[in-house]
Amino acid sequence: KQEERKKITYEEISHWIYEKNQEIDTNNQLIINLIKENINSLKQGLEESIEKLKNISLENKKEQDKIKLVVEENLKKYLNNLIFLIKSLEKLSYFSYEQAIVEIDSILNDFKKRSLMHYEKATILIGDELGITKEKISDFSKNLNKIIQDNQTIIKNNKNIQSINEELNTINSTNTMIDECDKKIIILKENIKLKENEIKDYLEIIMDLKKSNEYKKELEEKANIYQLKIEYENKINELKSLIDFKKLSSLNHSDNKKMKLIHELKENFKENYQENRLIGILKESSLCTQEMEKIIQEISNHTTLINSKESTFPDKLAKEISSKEEKITSLRKEIESLNEDISKEERIKQKFNESKLVFIGKIKAILMSMNIELN
């Protein structure tokens, strides 16, 4: 019968991980103890082999002295390799069984590289005892592999828990980044609120100014000046309509300077109008009528009056209103920029949340492989 799948919530996972981390510590120590027993067994066996190999005599061997000497020298070096192997295993760190296994593999590989040539040369005359020693080291490796194989479920679960721990740490870091985004958004919104209140205050001031009698007088004076300018333009247009430019040109066609003035007045009368020059050319051409002179005088009077009124125009409140409206425009641009910053932070926050879902998905997959469902 298939084991019923356990269910835990995301809120429970921290406590569940805490309990599993306690199990990891226990399981880690259990496997480390097995490794230590295996190392102690190897150490004891190698020490016995070293003593036997030290007491081996080659005197009764019939081979040449030269061969005996080679064997003795390489045996001595091989024994030193065995002693170094034992010392290296004694210095082993046991921070975790994974680290211990990695160090053991490194030590054994280093031993094989150092001792292989010495072993092969020494076995020429003393192969049996060296073979037994080699077999002890081989048995040690087999027992180490057996420890790993026998504890595969524990090792796999430990790796799963470690992976979940890593994903949870990443989620916690992501949550910190999300919190930072939220804090920035709150500050940005507070700044927007302050600026909106500033705008509100300015609008109230503008409204009060516009309701004041002083501002109404300014508007009336502005309207009067505007009306004078309309009358001025009407007089200008009326004067232009009375001038016979065709006849004026005919009478002065030989005078380039006068023709230039006539052309300018015809094309753009208002901008090129100059009272003295116009009266002069009209009188010289005998085309200046009393009606024209009257309108020219009225234009002159309007110009004087407009200039006088504009120079004394009381626009203090209008300027104050304009200044505050400019500040309102500036504040609205600042609010727009702050809203863009909020949108940017929201997009960053969304990406963090999307990443968080990916990390949670990985945790769910790992737990599912352990027959646990995360809700």
# chains A, B, ... in the order shown; residues from 1 in each chain; ligands from 1
>>> residues_around(residues="range 207-223 of chain A", least_positions_apart="5", cutoff="9 Å", atoms="only C-alpha atoms", output="list in words")
Tyr202, Leu228, Lys309, Glu310, Phe313, Pro314, Asp315, Lys316, Leu317, Ala318, Glu320 and Ile321 of chain A
>>> residues_around(residues="range 240-255 of chain A", least_positions_apart="2", cutoff="8 Å", atoms="only C-alpha atoms", output="ChimeraX atom specification")
/A:236-238,257-259,262,266,269,282,285,287,292
>>> atom_distance(atom1="CA of Asn109 in chain A", atom2="CA of Ile154 in chain A")
26.5 Å
>>> residues_around(residues="Arg114 in chain A", least_positions_apart="5", cutoff="12 Å", atoms="only C-alpha atoms", output="list of chain:residue names")
A:Asn74, A:Lys77, A:Tyr78, A:Leu79, A:Asn80, A:Asn81, A:Leu82, A:Phe84, A:Leu85, A:Ile107, A:Leu108, A:Asn109, A:Tyr119, A:Glu120
>>> write_last_selection(atoms="N, CA, C and O atoms", output="PDB file, in the first residue's frame")
ATOM      1  N   ASN A  74      62.117   0.903  -2.305  1.00  0.00           N
ATOM      2  CA  ASN A  74      60.722   1.202  -2.671  1.00  0.00           C
ATOM      3  C   ASN A  74      59.754   0.766  -1.581  1.00  0.00           C
ATOM      4  O   ASN A  74      58.711   1.410  -1.402  1.00  0.00           O
ATOM      5  N   LYS A  77      59.831   3.533   0.937  1.00  0.00           N
ATOM      6  CA  LYS A  77      59.043   4.681   0.458  1.00  0.00           C
ATOM      7  C   LYS A  77      57.550   4.381   0.517  1.00  0.00           C
ATOM      8  O   LYS A  77      56.734   5.260   0.839  1.00  0.00           O
ATOM      9  N   TYR A  78      57.188   3.130   0.208  1.00  0.00           N
ATOM     10  CA  TYR A  78      55.769   2.753   0.268  1.00  0.00           C
ATOM     11  C   TYR A  78      55.259   2.814   1.707  1.00  0.00           C
ATOM     12  O   TYR A  78      54.132   3.266   1.964  1.00  0.00           O
ATOM     13  N   LEU A  79      56.108   2.373   2.642  1.00  0.00           N
ATOM     14  CA  LEU A  79      55.730   2.430   4.063  1.00  0.00           C
ATOM     15  C   LEU A  79      55.527   3.887   4.498  1.00  0.00           C
ATOM     16  O   LEU A  79      54.603   4.201   5.265  1.00  0.00           O
ATOM     17  N   ASN A  80      56.390   4.772   4.007  1.00  0.00           N
ATOM     18  CA  ASN A  80      56.228   6.206   4.310  1.00  0.00           C
ATOM     19  C   ASN A  80      54.912   6.739   3.745  1.00  0.00           C
ATOM     20  O   ASN A  80      54.243   7.575   4.371  1.00  0.00           O
ATOM     21  N   ASN A  81      54.541   6.251   2.539  1.00  0.00           N
ATOM     22  CA  ASN A  81      53.262   6.632   1.939  1.00  0.00           C
ATOM     23  C   ASN A  81      52.087   6.167   2.791  1.00  0.00           C
ATOM     24  O   ASN A  81      51.099   6.890   2.960  1.00  0.00           O
ATOM     25  N   LEU A  82      52.212   4.948   3.348  1.00  0.00           N
ATOM     26  CA  LEU A  82      51.141   4.424   4.213  1.00  0.00           C
ATOM     27  C   LEU A  82      51.018   5.258   5.492  1.00  0.00           C
ATOM     28  O   LEU A  82      49.912   5.560   5.949  1.00  0.00           O
ATOM     29  N   PHE A  84      51.908   8.361   5.861  1.00  0.00           N
ATOM     30  CA  PHE A  84      51.345   9.671   5.474  1.00  0.00           C
ATOM     31  C   PHE A  84      49.833   9.567   5.245  1.00  0.00           C
ATOM     32  O   PHE A  84      49.072  10.483   5.603  1.00  0.00           O
ATOM     33  N   LEU A  85      49.390   8.423   4.674  1.00  0.00           N
ATOM     34  CA  LEU A  85      47.951   8.176   4.460  1.00  0.00           C
ATOM     35  C   LEU A  85      47.213   8.166   5.797  1.00  0.00           C
ATOM     36  O   LEU A  85      46.160   8.807   5.945  1.00  0.00           O
ATOM     37  N   ILE A 107      42.371  12.353  -0.575  1.00  0.00           N
ATOM     38  CA  ILE A 107      43.505  11.714   0.120  1.00  0.00           C
ATOM     39  C   ILE A 107      43.874  10.392  -0.544  1.00  0.00           C
ATOM     40  O   ILE A 107      45.066  10.093  -0.768  1.00  0.00           O
ATOM     41  N   LEU A 108      42.872   9.579  -0.875  1.00  0.00           N
ATOM     42  CA  LEU A 108      43.132   8.276  -1.507  1.00  0.00           C
ATOM     43  C   LEU A 108      43.744   8.445  -2.896  1.00  0.00           C
ATOM     44  O   LEU A 108      44.659   7.700  -3.266  1.00  0.00           O
ATOM     45  N   ASN A 109      43.221   9.405  -3.658  1.00  0.00           N
ATOM     46  CA  ASN A 109      43.778   9.652  -4.998  1.00  0.00           C
ATOM     47  C   ASN A 109      45.232  10.107  -4.902  1.00  0.00           C
ATOM     48  O   ASN A 109      46.075   9.692  -5.710  1.00  0.00           O
ATOM     49  N   TYR A 119      54.939   0.769  -4.944  1.00  0.00           N
ATOM     50  CA  TYR A 119      54.226  -0.498  -4.709  1.00  0.00           C
ATOM     51  C   TYR A 119      54.623  -1.529  -5.757  1.00  0.00           C
ATOM     52  O   TYR A 119      54.942  -2.683  -5.431  1.00  0.00           O
ATOM     53  N   GLU A 120      54.594  -1.114  -7.020  1.00  0.00           N
ATOM     54  CA  GLU A 120      54.878  -2.058  -8.112  1.00  0.00           C
ATOM     55  C   GLU A 120      56.319  -2.593  -8.037  1.00  0.00           C
ATOM     56  O   GLU A 120      56.558  -3.780  -8.294  1.00  0.00           O
TER      57      GLU A 120
END
>>> closest_residue(among="A:Asn224, A:Asn169, A:Asn197, A:Thr153", to="Ile306 in chain A", atoms="only C-alpha atoms")
A:Asn224
>>> residues_around(residues="range 135-140 of chain A", least_positions_apart="2", cutoff="9 Å", atoms="only C-alpha atoms", output="PyMOL selection string")
chain A and resi 38-39+41-42+45-46+108+130-133+142-145
>>> write_last_selection(atoms="N, CA and C atoms", output="PDB file, in the first residue's frame")
ATOM      1  N   ASN A  38      35.009   3.232   9.998  1.00  0.00           N
ATOM      2  CA  ASN A  38      35.671   2.661   8.823  1.00  0.00           C
ATOM      3  C   ASN A  38      37.137   3.097   8.763  1.00  0.00           C
ATOM      4  N   ILE A  39      37.380   4.384   9.082  1.00  0.00           N
ATOM      5  CA  ILE A  39      38.755   4.916   9.077  1.00  0.00           C
ATOM      6  C   ILE A  39      39.585   4.263  10.180  1.00  0.00           C
ATOM      7  N   SER A  41      39.148   1.358  11.488  1.00  0.00           N
ATOM      8  CA  SER A  41      39.413  -0.033  11.077  1.00  0.00           C
ATOM      9  C   SER A  41      40.565  -0.093  10.087  1.00  0.00           C
ATOM     10  N   LEU A  42      40.558   0.852   9.114  1.00  0.00           N
ATOM     11  CA  LEU A  42      41.643   0.909   8.128  1.00  0.00           C
ATOM     12  C   LEU A  42      42.970   1.232   8.814  1.00  0.00           C
ATOM     13  N   GLY A  45      44.286  -1.744  10.607  1.00  0.00           N
ATOM     14  CA  GLY A  45      44.784  -2.738   9.649  1.00  0.00           C
ATOM     15  C   GLY A  45      46.100  -2.310   9.015  1.00  0.00           C
ATOM     16  N   LEU A  46      46.203  -1.032   8.665  1.00  0.00           N
ATOM     17  CA  LEU A  46      47.426  -0.529   8.035  1.00  0.00           C
ATOM     18  C   LEU A  46      48.599  -0.538   9.007  1.00  0.00           C
ATOM     19  N   LEU A 108      42.872   9.579  -0.875  1.00  0.00           N
ATOM     20  CA  LEU A 108      43.132   8.276  -1.507  1.00  0.00           C
ATOM     21  C   LEU A 108      43.744   8.445  -2.896  1.00  0.00           C
ATOM     22  N   LEU A 130      52.123  -7.098   0.614  1.00  0.00           N
ATOM     23  CA  LEU A 130      51.719  -5.834  -0.016  1.00  0.00           C
ATOM     24  C   LEU A 130      50.329  -5.963  -0.626  1.00  0.00           C
ATOM     25  N   GLY A 131      50.025  -7.142  -1.163  1.00  0.00           N
ATOM     26  CA  GLY A 131      48.694  -7.380  -1.728  1.00  0.00           C
ATOM     27  C   GLY A 131      47.612  -7.306  -0.667  1.00  0.00           C
ATOM     28  N   ILE A 132      47.953  -7.857   0.527  1.00  0.00           N
ATOM     29  CA  ILE A 132      47.002  -7.802   1.656  1.00  0.00           C
ATOM     30  C   ILE A 132      46.748  -6.344   2.052  1.00  0.00           C
ATOM     31  N   THR A 133      47.835  -5.560   2.084  1.00  0.00           N
ATOM     32  CA  THR A 133      47.722  -4.123   2.439  1.00  0.00           C
ATOM     33  C   THR A 133      46.845  -3.391   1.424  1.00  0.00           C
ATOM     34  N   LYS A 142      35.430   0.247  -0.493  1.00  0.00           N
ATOM     35  CA  LYS A 142      34.154  -0.461  -0.691  1.00  0.00           C
ATOM     36  C   LYS A 142      33.201  -0.196   0.474  1.00  0.00           C
ATOM     37  N   ASN A 143      33.760  -0.233   1.702  1.00  0.00           N
ATOM     38  CA  ASN A 143      32.916   0.012   2.889  1.00  0.00           C
ATOM     39  C   ASN A 143      32.375   1.450   2.886  1.00  0.00           C
ATOM     40  N   LEU A 144      33.221   2.394   2.422  1.00  0.00           N
ATOM     41  CA  LEU A 144      32.787   3.787   2.336  1.00  0.00           C
ATOM     42  C   LEU A 144      31.627   3.924   1.345  1.00  0.00           C
ATOM     43  N   ASN A 145      31.768   3.260   0.202  1.00  0.00           N
ATOM     44  CA  ASN A 145      30.680   3.275  -0.800  1.00  0.00           C
ATOM     45  C   ASN A 145      29.423   2.616  -0.254  1.00  0.00           C
TER      46      ASN A 145
END
>>> closest_residue(among="A:Cys288, A:Thr174, A:Asn191, A:Asn21", to="Asp341 in chain A", atoms="only C-alpha atoms")
A:Asn191
>>> closest_residue(among="A:Ser323, A:Ser369, A:Asn353, A:Gln44", to="Thr176 in chain A", atoms="only C-alpha atoms")
A:Asn353
>>> decode(residues="range 197-212 of chain A", atoms="all heavy atoms", output="mmCIF file, in the first residue's frame")
data_model
loop_
_atom_site.group_PDB
_atom_site.id
_atom_site.type_symbol
_atom_site.label_atom_id
_atom_site.label_comp_id
_atom_site.auth_asym_id
_atom_site.auth_seq_id
_atom_site.Cartn_x
_atom_site.Cartn_y
_atom_site.Cartn_z
ATOM 1 N N ASN A 197 -1.248 68.715 -1.505
ATOM 2 C CA ASN A 197 -1.707 69.693 -0.503
ATOM 3 C C ASN A 197 -1.176 71.088 -0.822
ATOM 4 O O ASN A 197 -1.888 72.093 -0.634
ATOM 5 C CB ASN A 197 -1.258 69.260 0.894
ATOM 6 C CG ASN A 197 -2.044 68.074 1.422
ATOM 7 O OD1 ASN A 197 -3.170 67.823 0.992
ATOM 8 N ND2 ASN A 197 -1.443 67.315 2.322
ATOM 9 N N GLU A 198 0.073 71.150 -1.314
ATOM 10 C CA GLU A 198 0.642 72.435 -1.732
ATOM 11 C C GLU A 198 -0.189 73.042 -2.870
ATOM 12 O O GLU A 198 -0.503 74.234 -2.862
ATOM 13 C CB GLU A 198 2.088 72.237 -2.212
ATOM 14 C CG GLU A 198 3.122 72.214 -1.095
ATOM 15 C CD GLU A 198 4.528 72.264 -1.629
ATOM 16 O OE1 GLU A 198 4.968 73.352 -2.041
ATOM 17 O OE2 GLU A 198 5.193 71.209 -1.638
ATOM 18 N N ILE A 199 -0.522 72.179 -3.825
ATOM 19 C CA ILE A 199 -1.342 72.640 -4.966
ATOM 20 C C ILE A 199 -2.685 73.151 -4.473
ATOM 21 O O ILE A 199 -3.166 74.209 -4.907
ATOM 22 C CB ILE A 199 -1.532 71.498 -5.988
ATOM 23 C CG1 ILE A 199 -0.212 71.211 -6.705
ATOM 24 C CG2 ILE A 199 -2.619 71.854 -7.008
ATOM 25 C CD1 ILE A 199 -0.240 70.001 -7.605
ATOM 26 N N LYS A 200 -3.281 72.411 -3.551
ATOM 27 C CA LYS A 200 -4.575 72.801 -2.992
ATOM 28 C C LYS A 200 -4.484 74.176 -2.328
ATOM 29 O O LYS A 200 -5.362 75.035 -2.510
ATOM 30 C CB LYS A 200 -5.033 71.747 -1.980
ATOM 31 C CG LYS A 200 -6.412 71.995 -1.404
ATOM 32 C CD LYS A 200 -6.774 70.899 -0.404
ATOM 33 C CE LYS A 200 -8.116 71.181 0.254
ATOM 34 N NZ LYS A 200 -8.446 70.161 1.282
ATOM 35 N N ASP A 201 -3.400 74.390 -1.562
ATOM 36 C CA ASP A 201 -3.200 75.688 -0.885
ATOM 37 C C ASP A 201 -3.055 76.813 -1.903
ATOM 38 O O ASP A 201 -3.643 77.893 -1.746
ATOM 39 C CB ASP A 201 -1.958 75.626 0.005
ATOM 40 C CG ASP A 201 -2.156 74.725 1.209
ATOM 41 O OD1 ASP A 201 -3.318 74.450 1.550
ATOM 42 O OD2 ASP A 201 -1.135 74.290 1.798
ATOM 43 N N TYR A 202 -2.263 76.567 -2.949
ATOM 44 C CA TYR A 202 -2.061 77.587 -3.990
ATOM 45 C C TYR A 202 -3.373 77.909 -4.701
ATOM 46 O O TYR A 202 -3.668 79.081 -4.993
ATOM 47 C CB TYR A 202 -1.029 77.112 -5.013
ATOM 48 C CG TYR A 202 0.404 77.253 -4.548
ATOM 49 C CD1 TYR A 202 1.314 76.215 -4.705
ATOM 50 C CD2 TYR A 202 0.856 78.425 -3.953
ATOM 51 C CE1 TYR A 202 2.633 76.332 -4.280
ATOM 52 C CE2 TYR A 202 2.167 78.556 -3.518
ATOM 53 C CZ TYR A 202 3.057 77.506 -3.687
ATOM 54 O OH TYR A 202 4.349 77.645 -3.272
ATOM 55 N N LEU A 203 -4.171 76.865 -4.979
ATOM 56 C CA LEU A 203 -5.454 77.084 -5.657
ATOM 57 C C LEU A 203 -6.398 77.923 -4.802
ATOM 58 O O LEU A 203 -7.132 78.776 -5.320
ATOM 59 C CB LEU A 203 -6.109 75.736 -6.005
ATOM 60 C CG LEU A 203 -5.442 74.944 -7.144
ATOM 61 C CD1 LEU A 203 -6.053 73.551 -7.245
ATOM 62 C CD2 LEU A 203 -5.569 75.683 -8.478
ATOM 63 N N GLU A 204 -6.379 77.674 -3.499
ATOM 64 C CA GLU A 204 -7.222 78.456 -2.585
ATOM 65 C C GLU A 204 -6.772 79.917 -2.551
ATOM 66 O O GLU A 204 -7.608 80.838 -2.539
ATOM 67 C CB GLU A 204 -7.161 77.842 -1.185
ATOM 68 C CG GLU A 204 -7.936 76.520 -1.073
ATOM 69 C CD GLU A 204 -7.802 75.897 0.303
ATOM 70 O OE1 GLU A 204 -7.082 76.475 1.148
ATOM 71 O OE2 GLU A 204 -8.414 74.826 0.531
ATOM 72 N N ILE A 205 -5.450 80.123 -2.546
ATOM 73 C CA ILE A 205 -4.918 81.497 -2.556
ATOM 74 C C ILE A 205 -5.319 82.200 -3.842
ATOM 75 O O ILE A 205 -5.750 83.364 -3.833
ATOM 76 C CB ILE A 205 -3.376 81.476 -2.405
ATOM 77 C CG1 ILE A 205 -2.996 81.012 -0.995
ATOM 78 C CG2 ILE A 205 -2.792 82.864 -2.672
ATOM 79 C CD1 ILE A 205 -1.524 80.708 -0.818
ATOM 80 N N ILE A 206 -5.161 81.485 -4.960
ATOM 81 C CA ILE A 206 -5.527 82.061 -6.275
ATOM 82 C C ILE A 206 -7.008 82.425 -6.307
ATOM 83 O O ILE A 206 -7.400 83.505 -6.787
ATOM 84 C CB ILE A 206 -5.183 81.080 -7.410
ATOM 85 C CG1 ILE A 206 -3.660 80.976 -7.569
ATOM 86 C CG2 ILE A 206 -5.828 81.504 -8.728
ATOM 87 C CD1 ILE A 206 -3.200 79.866 -8.490
ATOM 88 N N MET A 207 -7.843 81.526 -5.757
ATOM 89 C CA MET A 207 -9.282 81.779 -5.733
ATOM 90 C C MET A 207 -9.608 83.030 -4.912
ATOM 91 O O MET A 207 -10.420 83.877 -5.335
ATOM 92 C CB MET A 207 -10.019 80.557 -5.153
ATOM 93 C CG MET A 207 -11.536 80.638 -5.266
ATOM 94 S SD MET A 207 -12.330 79.168 -4.572
ATOM 95 C CE MET A 207 -11.728 77.915 -5.702
ATOM 96 N N ASP A 208 -8.946 83.174 -3.746
ATOM 97 C CA ASP A 208 -9.164 84.353 -2.891
ATOM 98 C C ASP A 208 -8.709 85.635 -3.592
ATOM 99 O O ASP A 208 -9.381 86.674 -3.506
ATOM 100 C CB ASP A 208 -8.407 84.187 -1.570
ATOM 101 C CG ASP A 208 -9.032 83.124 -0.678
ATOM 102 O OD1 ASP A 208 -10.228 82.799 -0.896
ATOM 103 O OD2 ASP A 208 -8.332 82.598 0.206
ATOM 104 N N LEU A 209 -7.562 85.546 -4.281
ATOM 105 C CA LEU A 209 -7.046 86.718 -4.993
ATOM 106 C C LEU A 209 -8.004 87.149 -6.108
ATOM 107 O O LEU A 209 -8.251 88.344 -6.312
ATOM 108 C CB LEU A 209 -5.665 86.408 -5.586
ATOM 109 C CG LEU A 209 -4.503 86.288 -4.585
ATOM 110 C CD1 LEU A 209 -3.246 85.812 -5.291
ATOM 111 C CD2 LEU A 209 -4.244 87.609 -3.880
ATOM 112 N N LYS A 210 -8.537 86.175 -6.809
ATOM 113 C CA LYS A 210 -9.431 86.474 -7.927
ATOM 114 C C LYS A 210 -10.769 87.056 -7.453
ATOM 115 O O LYS A 210 -11.457 87.727 -8.216
ATOM 116 C CB LYS A 210 -9.670 85.222 -8.770
ATOM 117 C CG LYS A 210 -8.467 84.851 -9.621
ATOM 118 C CD LYS A 210 -8.745 83.645 -10.515
ATOM 119 C CE LYS A 210 -7.565 83.357 -11.438
ATOM 120 N NZ LYS A 210 -7.807 82.217 -12.326
ATOM 121 N N LYS A 211 -11.110 86.761 -6.194
ATOM 122 C CA LYS A 211 -12.371 87.295 -5.648
ATOM 123 C C LYS A 211 -12.189 88.712 -5.090
ATOM 124 O O LYS A 211 -13.189 89.392 -4.806
ATOM 125 C CB LYS A 211 -12.869 86.380 -4.525
ATOM 126 C CG LYS A 211 -13.421 85.048 -5.019
ATOM 127 C CD LYS A 211 -13.866 84.203 -3.822
ATOM 128 C CE LYS A 211 -14.426 82.851 -4.272
ATOM 129 N NZ LYS A 211 -14.805 82.019 -3.111
ATOM 130 N N SER A 212 -10.950 89.148 -4.946
ATOM 131 C CA SER A 212 -10.699 90.453 -4.306
ATOM 132 C C SER A 212 -11.082 91.617 -5.230
ATOM 133 O O SER A 212 -11.036 91.507 -6.457
ATOM 134 C CB SER A 212 -9.227 90.561 -3.916
ATOM 135 O OG SER A 212 -8.422 90.644 -5.074
#
